[in-house]
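K.L.:
Contents are compact mmCIF, C-alpha atoms and all ligand atoms; file name coords09.txt:
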```txt
# COMPACT_ATOMS: atom_id res chain seq x y z
CA MET U 1 -40.69 -9.46 53.12
CA CYS U 2 -41.09 -5.96 51.87
CA VAL U 3 -38.34 -4.79 49.50
CA SER U 4 -36.98 -1.43 50.54
CA GLU U 5 -36.87 1.48 48.13
CA GLY U 6 -33.08 1.27 47.88
CA THR U 7 -33.09 -2.47 47.26
CA TYR U 8 -35.79 -2.15 44.67
CA LYS U 9 -33.97 0.60 42.80
CA SER U 10 -30.64 -1.17 42.79
CA ARG U 11 -32.19 -4.50 41.71
CA SER U 12 -34.15 -2.78 38.98
CA SER U 13 -31.21 -0.89 37.61
CA GLU U 14 -29.12 -4.07 37.59
CA ARG U 15 -31.82 -5.72 35.54
CA LEU U 16 -32.68 -2.90 33.20
CA GLY U 17 -29.43 -1.04 32.79
CA ALA U 18 -28.96 2.62 33.69
CA LYS U 19 -30.94 4.08 30.81
CA ASP U 20 -33.99 2.01 31.69
CA ALA U 21 -33.78 2.62 35.44
CA PRO U 22 -37.17 2.96 37.17
CA THR U 23 -39.24 5.74 35.73
CA PRO U 24 -41.36 8.17 37.72
CA CYS U 25 -44.36 5.92 38.32
CA CYS U 26 -42.63 3.08 40.09
CA ALA U 27 -40.34 5.50 41.90
CA ARG U 28 -43.42 7.33 43.16
CA PHE U 29 -44.70 4.09 44.65
CA TYR U 30 -41.67 3.95 46.89
CA GLU U 31 -41.23 7.61 47.54
CA SER U 32 -44.83 8.03 48.54
CA ARG U 33 -45.84 7.74 52.18
CA LEU U 34 -48.69 5.74 50.76
CA TYR U 35 -46.42 2.82 50.13
CA LEU U 36 -46.75 1.17 53.54
CA LEU U 37 -50.45 1.79 53.51
CA CYS U 38 -50.68 0.22 50.07
CA ILE U 39 -48.93 -2.91 51.23
CA GLN U 40 -51.36 -3.20 54.12
CA ARG U 41 -54.30 -2.72 51.81
CA VAL U 42 -53.05 -5.40 49.48
CA PHE U 43 -53.43 -7.75 52.43
CA PHE U 44 -56.86 -6.71 53.51
CA PHE U 45 -58.69 -5.56 50.39
CA SER U 46 -61.37 -7.79 49.00
CA TRP U 47 -62.60 -7.62 45.44
CA GLU U 48 -66.15 -8.66 44.80
CA GLY U 49 -65.59 -8.91 41.06
CA TYR U 50 -62.73 -11.29 41.53
CA GLY U 51 -64.74 -13.52 43.88
CA ASN U 52 -67.49 -13.76 41.29
CA THR U 53 -65.07 -14.76 38.54
CA VAL U 54 -63.64 -17.55 40.66
CA ALA U 55 -67.10 -18.77 41.62
CA LYS U 56 -68.22 -18.91 37.98
CA ASN U 57 -65.17 -20.83 36.89
CA SER U 58 -65.22 -23.41 39.63
CA VAL U 59 -67.86 -25.57 37.94
CA TYR U 60 -65.88 -28.60 36.87
CA ARG U 61 -66.86 -30.71 33.88
CA ALA U 62 -67.69 -34.10 35.32
CA GLU U 63 -65.23 -36.07 33.21
CA MET U 64 -62.42 -33.71 34.06
CA VAL U 65 -62.74 -33.73 37.84
CA LEU U 66 -59.26 -34.18 39.18
CA GLN U 67 -58.29 -36.31 42.08
CA ARG U 68 -55.28 -34.12 42.65
CA ILE U 69 -54.97 -30.36 42.52
CA PHE U 70 -53.49 -29.12 39.23
CA ARG U 71 -51.80 -25.73 38.92
CA ALA U 72 -50.86 -24.07 35.64
CA VAL U 73 -49.45 -20.74 34.48
CA ILE U 74 -50.10 -19.21 31.06
CA MET U 75 -47.48 -16.87 29.63
CA GLY U 76 -46.88 -14.92 26.44
CA PRO U 77 -46.40 -11.35 25.30
CA PRO U 78 -49.24 -8.83 25.70
CA GLY U 79 -51.90 -9.68 23.13
CA SER U 80 -50.65 -13.20 22.48
CA GLY U 81 -54.08 -14.56 23.41
CA LYS U 82 -53.56 -15.51 27.07
CA GLY U 83 -57.04 -14.29 28.04
CA THR U 84 -58.67 -15.91 25.01
CA VAL U 85 -56.96 -19.27 25.55
CA SER U 86 -57.56 -19.08 29.32
CA ALA U 87 -61.30 -18.73 28.71
CA ARG U 88 -61.20 -21.91 26.59
CA ILE U 89 -59.14 -23.76 29.20
CA THR U 90 -61.47 -22.81 32.05
CA LYS U 91 -64.51 -23.81 29.98
CA THR U 92 -63.01 -27.15 28.93
CA PHE U 93 -61.09 -28.18 32.02
CA GLY U 94 -62.76 -26.23 34.80
CA LEU U 95 -59.64 -24.68 36.31
CA SER U 96 -60.23 -21.41 38.16
CA HIS U 97 -58.84 -18.50 36.16
CA ILE U 98 -56.84 -15.82 37.95
CA SER U 99 -55.79 -12.90 35.77
CA SER U 100 -53.34 -10.42 37.30
CA GLY U 101 -54.45 -7.72 34.84
CA ASP U 102 -58.14 -8.19 35.75
CA ILE U 103 -57.30 -8.03 39.44
CA LEU U 104 -55.35 -4.81 38.91
CA ARG U 105 -58.12 -3.24 36.82
CA SER U 106 -60.70 -4.20 39.40
CA ASN U 107 -58.60 -2.43 42.01
CA ILE U 108 -58.23 0.60 39.77
CA SER U 109 -61.97 0.81 39.24
CA ASN U 110 -62.35 1.19 43.03
CA LYS U 111 -60.45 4.47 42.66
CA SER U 112 -58.34 3.74 45.71
CA GLU U 113 -54.98 5.53 46.03
CA LEU U 114 -53.24 2.22 45.53
CA GLY U 115 -55.31 1.71 42.37
CA LEU U 116 -54.29 5.10 41.00
CA LEU U 117 -50.61 4.31 41.50
CA MET U 118 -51.08 0.98 39.76
CA LYS U 119 -52.88 2.73 36.90
CA CYS U 120 -49.96 5.08 36.55
CA CYS U 121 -47.56 2.12 36.04
CA ILE U 122 -49.92 0.34 33.65
CA ASP U 123 -50.62 3.43 31.52
CA GLN U 124 -46.89 4.00 31.13
CA GLY U 125 -46.41 0.45 29.88
CA GLN U 126 -44.43 -0.50 33.00
CA LEU U 127 -44.86 -3.44 35.32
CA VAL U 128 -46.33 -2.93 38.78
CA PRO U 129 -43.54 -3.45 41.37
CA ASP U 130 -42.79 -7.07 42.25
CA ASP U 131 -43.49 -6.97 45.95
CA VAL U 132 -46.88 -5.30 45.51
CA MET U 133 -47.81 -7.75 42.77
CA SER U 134 -46.58 -10.88 44.56
CA ARG U 135 -48.42 -10.05 47.76
CA LEU U 136 -51.58 -9.32 45.81
CA ILE U 137 -51.59 -12.60 43.89
CA LEU U 138 -50.28 -14.87 46.65
CA ARG U 139 -52.90 -13.54 49.02
CA ASP U 140 -55.62 -14.51 46.54
CA LEU U 141 -54.05 -17.92 45.92
CA ARG U 142 -54.01 -18.59 49.66
CA ALA U 143 -57.78 -18.31 49.59
CA MET U 144 -57.85 -21.07 46.94
CA ASP U 145 -55.79 -23.65 48.75
CA HIS U 146 -57.95 -26.57 47.64
CA SER U 147 -58.53 -25.54 44.03
CA SER U 148 -56.89 -26.21 40.72
CA TRP U 149 -56.04 -22.94 39.02
CA LEU U 150 -54.70 -21.27 35.91
CA LEU U 151 -52.64 -18.17 36.56
CA ASP U 152 -52.65 -15.65 33.69
CA GLY U 153 -50.23 -12.69 33.70
CA PHE U 154 -48.32 -13.71 36.83
CA PRO U 155 -45.40 -14.25 37.20
CA ARG U 156 -43.96 -11.64 34.85
CA THR U 157 -40.50 -11.37 36.43
CA VAL U 158 -38.03 -13.86 37.91
CA PRO U 159 -38.55 -12.54 41.49
CA GLN U 160 -42.30 -13.08 41.02
CA ALA U 161 -41.66 -16.64 39.77
CA GLU U 162 -39.47 -17.29 42.83
CA ALA U 163 -42.15 -15.90 45.15
CA LEU U 164 -44.73 -18.20 43.52
CA ASP U 165 -42.41 -21.20 43.80
CA ASP U 166 -41.90 -20.55 47.50
CA ALA U 167 -45.63 -20.85 48.03
CA HIS U 168 -46.92 -23.33 45.43
CA SER U 169 -45.61 -25.90 43.02
CA VAL U 170 -46.55 -25.28 39.39
CA ASP U 171 -47.39 -28.36 37.31
CA THR U 172 -47.10 -26.79 33.89
CA VAL U 173 -46.41 -23.47 32.16
CA ILE U 174 -48.11 -22.84 28.82
CA ASN U 175 -46.17 -20.34 26.74
CA LEU U 176 -47.92 -18.69 23.77
CA ASN U 177 -45.20 -17.69 21.33
CA VAL U 178 -46.83 -15.20 18.95
CA PRO U 179 -44.80 -12.76 16.81
CA PHE U 180 -44.78 -9.14 18.02
CA GLN U 181 -45.96 -7.87 14.62
CA THR U 182 -49.16 -9.93 14.88
CA ILE U 183 -49.78 -8.64 18.37
CA LYS U 184 -49.60 -4.92 17.70
CA GLN U 185 -52.56 -4.93 15.36
CA ARG U 186 -54.63 -7.13 17.65
CA LEU U 187 -54.24 -4.93 20.68
CA THR U 188 -55.33 -1.71 19.04
CA SER U 189 -58.57 -3.43 18.04
CA ARG U 190 -59.20 -5.18 21.38
CA TRP U 191 -62.42 -4.35 23.23
CA THR U 192 -62.78 -5.44 26.84
CA HIS U 193 -65.64 -5.97 29.26
CA LEU U 194 -63.86 -4.69 32.34
CA PRO U 195 -65.97 -6.33 35.09
CA THR U 196 -65.31 -9.86 33.75
CA GLY U 197 -62.18 -9.40 31.61
CA ARG U 198 -64.00 -10.85 28.56
CA VAL U 199 -62.23 -9.74 25.40
CA TYR U 200 -63.40 -9.13 21.86
CA ASN U 201 -61.72 -8.07 18.66
CA VAL U 202 -63.23 -6.26 15.71
CA ASP U 203 -61.68 -8.80 13.31
CA PHE U 204 -61.35 -12.03 15.28
CA ASN U 205 -64.33 -12.32 17.64
CA PRO U 206 -66.56 -9.24 17.37
CA PRO U 207 -69.36 -8.81 19.91
CA LYS U 208 -72.87 -9.62 18.65
CA VAL U 209 -73.86 -5.97 19.12
CA PRO U 210 -70.97 -3.55 18.43
CA GLY U 211 -69.66 -2.00 21.66
CA LEU U 212 -71.66 -4.27 24.01
CA ASP U 213 -70.73 -7.39 25.98
CA ASP U 214 -72.52 -10.51 24.66
CA GLU U 215 -73.53 -11.82 28.08
CA THR U 216 -74.41 -8.71 30.08
CA GLY U 217 -75.18 -6.14 27.37
CA GLU U 218 -72.87 -3.76 29.24
CA PRO U 219 -70.52 -1.40 27.37
CA LEU U 220 -67.11 -2.54 26.18
CA VAL U 221 -64.09 -0.26 26.48
CA GLN U 222 -60.71 0.07 24.82
CA ARG U 223 -58.02 -0.17 27.48
CA ASP U 224 -55.94 2.99 28.04
CA ASP U 225 -52.76 0.89 27.67
CA ASP U 226 -53.77 -0.56 24.28
CA THR U 227 -52.50 2.47 22.31
CA PRO U 228 -49.67 1.82 19.80
CA ASP U 229 -47.05 3.72 21.86
CA THR U 230 -47.90 1.97 25.13
CA VAL U 231 -48.02 -1.41 23.40
CA THR U 232 -44.43 -0.80 22.22
CA LEU U 233 -43.35 -0.09 25.82
CA ARG U 234 -45.18 -3.18 27.10
CA LEU U 235 -43.47 -5.38 24.54
CA LYS U 236 -40.11 -3.92 25.62
CA ALA U 237 -40.95 -4.68 29.27
CA TYR U 238 -41.90 -8.21 28.18
CA GLU U 239 -38.53 -8.72 26.44
CA ASN U 240 -36.49 -7.32 29.33
CA GLN U 241 -38.35 -8.61 32.34
CA THR U 242 -40.63 -11.50 31.34
CA GLU U 243 -38.59 -13.47 28.80
CA PRO U 244 -36.11 -14.48 31.53
CA VAL U 245 -39.04 -16.15 33.32
CA LEU U 246 -39.40 -18.50 30.33
CA GLU U 247 -35.82 -19.62 30.84
CA TYR U 248 -36.50 -20.05 34.56
CA TYR U 249 -39.39 -22.44 33.85
CA ARG U 250 -37.56 -24.15 30.98
CA SER U 251 -34.76 -25.08 33.35
CA ASN U 252 -37.36 -26.34 35.87
CA GLY U 253 -38.67 -28.65 33.11
CA VAL U 254 -42.26 -27.36 33.17
CA LEU U 255 -42.34 -25.06 30.12
CA GLU U 256 -44.46 -26.03 27.09
CA THR U 257 -44.31 -23.60 24.16
CA PHE U 258 -47.00 -23.22 21.47
CA THR U 259 -46.01 -21.16 18.45
CA GLY U 260 -48.32 -19.59 15.88
CA THR U 261 -50.14 -16.49 14.67
CA GLU U 262 -53.73 -17.59 15.23
CA THR U 263 -55.40 -18.71 18.42
CA ASN U 264 -57.65 -21.14 16.55
CA MET U 265 -54.57 -22.94 15.25
CA ILE U 266 -52.79 -22.94 18.62
CA TRP U 267 -55.77 -23.97 20.75
CA PRO U 268 -56.16 -27.62 19.58
CA HIS U 269 -52.52 -28.24 20.54
CA VAL U 270 -52.99 -26.65 23.97
CA GLU U 271 -56.16 -28.66 24.49
CA ALA U 272 -54.51 -31.95 23.48
CA PHE U 273 -51.52 -31.21 25.70
CA LEU U 274 -53.70 -30.49 28.72
CA HIS U 275 -55.84 -33.58 28.14
CA LYS U 276 -52.68 -35.67 28.20
CA LYS U 277 -51.21 -33.82 31.15
CA LEU U 278 -54.36 -34.02 33.25
CA PHE U 279 -54.85 -37.67 32.37
CA SER U 280 -51.30 -38.51 33.46
CA VAL U 281 -51.82 -36.58 36.72
CA LYS U 282 -54.96 -38.66 37.31
CA GLN U 283 -53.12 -41.92 36.50
CA LYS U 284 -50.33 -41.10 38.96
CA VAL U 285 -52.86 -40.62 41.74
CA ALA U 286 -54.92 -43.73 40.92
N1 LIG U 301 -57.03 -11.39 14.76
C1 LIG U 301 -56.92 -12.18 15.84
N2 LIG U 301 -57.19 -11.67 17.05
C2 LIG U 301 -57.07 -12.51 18.12
C3 LIG U 301 -56.67 -13.87 18.01
N3 LIG U 301 -56.64 -14.41 19.25
C4 LIG U 301 -57.00 -13.43 20.10
N4 LIG U 301 -57.28 -12.29 19.44
C5 LIG U 301 -57.67 -10.98 19.93
O1 LIG U 301 -56.45 -10.32 20.28
C6 LIG U 301 -56.64 -9.50 21.42
C7 LIG U 301 -55.66 -9.94 22.50
O2 LIG U 301 -56.02 -11.22 22.97
P1 LIG U 301 -56.05 -11.52 24.54
O3 LIG U 301 -56.59 -12.89 24.74
O4 LIG U 301 -56.71 -10.41 25.26
O5 LIG U 301 -54.44 -11.52 24.81
P2 LIG U 301 -53.60 -11.33 26.14
O6 LIG U 301 -53.27 -9.89 26.20
O7 LIG U 301 -52.40 -12.19 25.94
O8 LIG U 301 -54.46 -11.80 27.29
C8 LIG U 301 -58.11 -9.65 21.81
O9 LIG U 301 -58.82 -8.59 21.20
C9 LIG U 301 -58.52 -11.00 21.20
O10 LIG U 301 -59.90 -11.03 20.89
C10 LIG U 301 -56.40 -14.38 16.69
O11 LIG U 301 -56.05 -15.54 16.47
N5 LIG U 301 -56.53 -13.48 15.65
N1 LIG U 302 -47.52 -9.92 37.17
C1 LIG U 302 -47.48 -8.60 36.92
N2 LIG U 302 -46.45 -7.85 37.36
C2 LIG U 302 -46.40 -6.54 37.13
N3 LIG U 302 -47.31 -5.86 36.44
C3 LIG U 302 -48.38 -6.54 35.98
C4 LIG U 302 -48.52 -7.94 36.19
N4 LIG U 302 -49.67 -8.36 35.61
C5 LIG U 302 -50.21 -7.28 35.03
N5 LIG U 302 -49.43 -6.18 35.25
C6 LIG U 302 -49.69 -4.81 34.76
O1 LIG U 302 -50.97 -4.77 34.15
C7 LIG U 302 -50.86 -4.50 32.74
C8 LIG U 302 -51.92 -5.25 31.98
O2 LIG U 302 -51.74 -6.63 32.20
P1 LIG U 302 -52.61 -7.69 31.40
O3 LIG U 302 -54.06 -7.41 31.54
O4 LIG U 302 -52.14 -9.04 31.82
O5 LIG U 302 -52.19 -7.34 29.92
P2 LIG U 302 -51.95 -8.27 28.69
O6 LIG U 302 -52.89 -9.44 28.88
O7 LIG U 302 -52.31 -7.46 27.50
O8 LIG U 302 -50.52 -8.68 28.75
C9 LIG U 302 -49.41 -4.87 32.40
O9 LIG U 302 -48.94 -4.19 31.25
C10 LIG U 302 -48.69 -4.42 33.68
O10 LIG U 302 -48.55 -3.02 33.73
```
Take the structure in this file and express it as structure tokens.

P.N.:
Amino acid sequence: MCVSEGTYKSRSSERLGAKDAPTPCCARFYESRLYLLCIQRVFFFSWEGYGNTVAKNSVYRAEMVLQRIFRAVIMGPPGSGKGTVSARITKTFGLSHISSGDILRSNISNKSELGLLMKCCIDQGQLVPDDVMSRLILRDLRAMDHSSWLLDGFPRTVPQAEALDDAHSVDTVINLNVPFQTIKQRLTSRWTHLPTGRVYNVDFNPPKVPGLDDETGEPLVQRDDDTPDTVTLRLKAYENQTEPVLEYYRSNGVLETFTGTETNMIWPHVEAFLHKKLFSVKQKVA
């Protein structure tokens, strides 16, 4: 169901408080005549880049082939290493990786009107409205009915988590708990290969040739929303809108939190946890 402009505004101001009520970008989504058109496009658009990512990731390691579908979500503040850890999870366990940010950026690169409105939200450090986002992701998940997946960047609000729950059951939620101070420095030195979402960092994992993607040789870019001011706004949005989702999953008994300041220290714990989790899923089925 589409949320009306009035409903959206009143829900948002309840959640954010009057001073944080929706700012021009999101309001423009709803005021614009484009809105209905956007919703339709969310249903019918197809993204080649996204299809390729899914295809690449669907090669399962033989020993990890599951007899039951396994669905996971990875959460954490911007820059906590969700993309980096997701790449390791997909490589090790063969889950298909779906990144909401990559899907949005792929849409933006098409220069559609919907994409421009999304870019406006992203560049202002705001979240894209829930109903647009939920339709976008759930539509893609419907096309993966028989796959195990790892969802990165969605849900980011409680209504998004509820929309996901209505459609799919989530086996586990991996929460990367990394201090904000660590994050700020990482994001301003993040370089991204936009077509695949591969990320690099001048300190942590620099590309072999500065400025170029290791696999394709294509140029890397710094994201427009990785500036210090926008990072501050994104962290605020995380605190206000995404932290309640952690509580939602904690009370559902599926949240697993990993705390630290370095991905290389966190990763072995995530890997061991998933090994155990996947093994127990397999045992239950056998
Ligand atoms: N210095 C440092 N950088 C890291 C570490 N882990 C990830 N990064 C970098 O931090 C940035 C943000 O990581 P990313 O996986 O994109 O985080 P996401 O925003 O949560 O998806 C990227 O440039 C990564 O290469 C780490 O342990 N140390
Ligand atoms: N589930 C979502 N709901 C609303 N907005 C989203 C969602 N996922 C991504 N976005 C938008 O895209 C931006 C970039 O997301 P992402 O690539 O996941 O960033 P990061 O990995 O640094 O947290 C977010 O700051 C937000 O504006």

K.L.:
May I have the protein, DNA and RNA residues with any atom at most 10 Å from the point (-51.1, -17.1, 14.3), counting only C-alpha atoms, written as number ranges by chain?

P.N.:
U: 80-81, 177-179, 182-183, 259-266

K.L.:
Taking into account all atoms listed in the file, which residue in the set U:Gln222, U:Ser99, U:Asn110, U:Ser148 is nearest to His168 in chain U?

P.N.:
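Ranked by minimum distance to His168 in chain U, first place goes to U:Ser148.
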
K.L.:
For the atom pair CA of Thr242 in chain U and CA of Ser100 in chain U, what is the interatomic distance in Å to one decimal place?

P.N.:
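About the pair CA of Thr242 in chain U and CA of Ser100 in chain U: they are 14.1 Å apart.
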
K.L.:
What lies within 12 Å of Ile108 in chain U using all atoms listed in the file, ignoring chain neighbours under 2 positions off, as a list in words?

P.N.:
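Contacts, with the query itself left out: Trp47, Gly101, Asp102, Ile103, Leu104, Arg105, Ser106, Asn110, Lys111, Ser112, Glu113, Leu114, Gly115, Leu116, Leu117, Met118, Lys119, Cys120, Cys121, Ile122, Asp123, Leu194 and Pro195 of chain U.
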
K.L.:
Once 6 Å is added on each side, what are the centre and the three edge lengths, in Å to one decimal, of the axis-aligned box enclosing the listed atoms of ligand LIG 302 (chain U)? Present them as JSON.

P.N.:
```
{"center_x": -50.2, "center_y": -6.5, "center_z": 32.4, "size_x": 19.7, "size_y": 18.9, "size_z": 21.9}
```

K.L.:
May I ask you to write as a list in words all residues lying at most 6 Å from ligand LIG 301 (chain U), with all atoms listed in the file counted?

P.N.:
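Here is the list of contacting residues: Pro78, Gly79, Ser80, Gly81, Lys82, Gly83, Thr84, Arg186, Leu187, Arg190, Trp191, Val199, Tyr200, Asn201, Asp203, Phe204, Asn205, Glu262, Thr263 and Asn264 of chain U.
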
K.L.:
So, counting only C-alpha atoms, which residue among U:Val221, U:Leu127, U:Val132, U:Val173 is closest to Asn240 in chain U?

P.N.:
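For Asn240 in chain U, the nearest of the candidates is U:Leu127.
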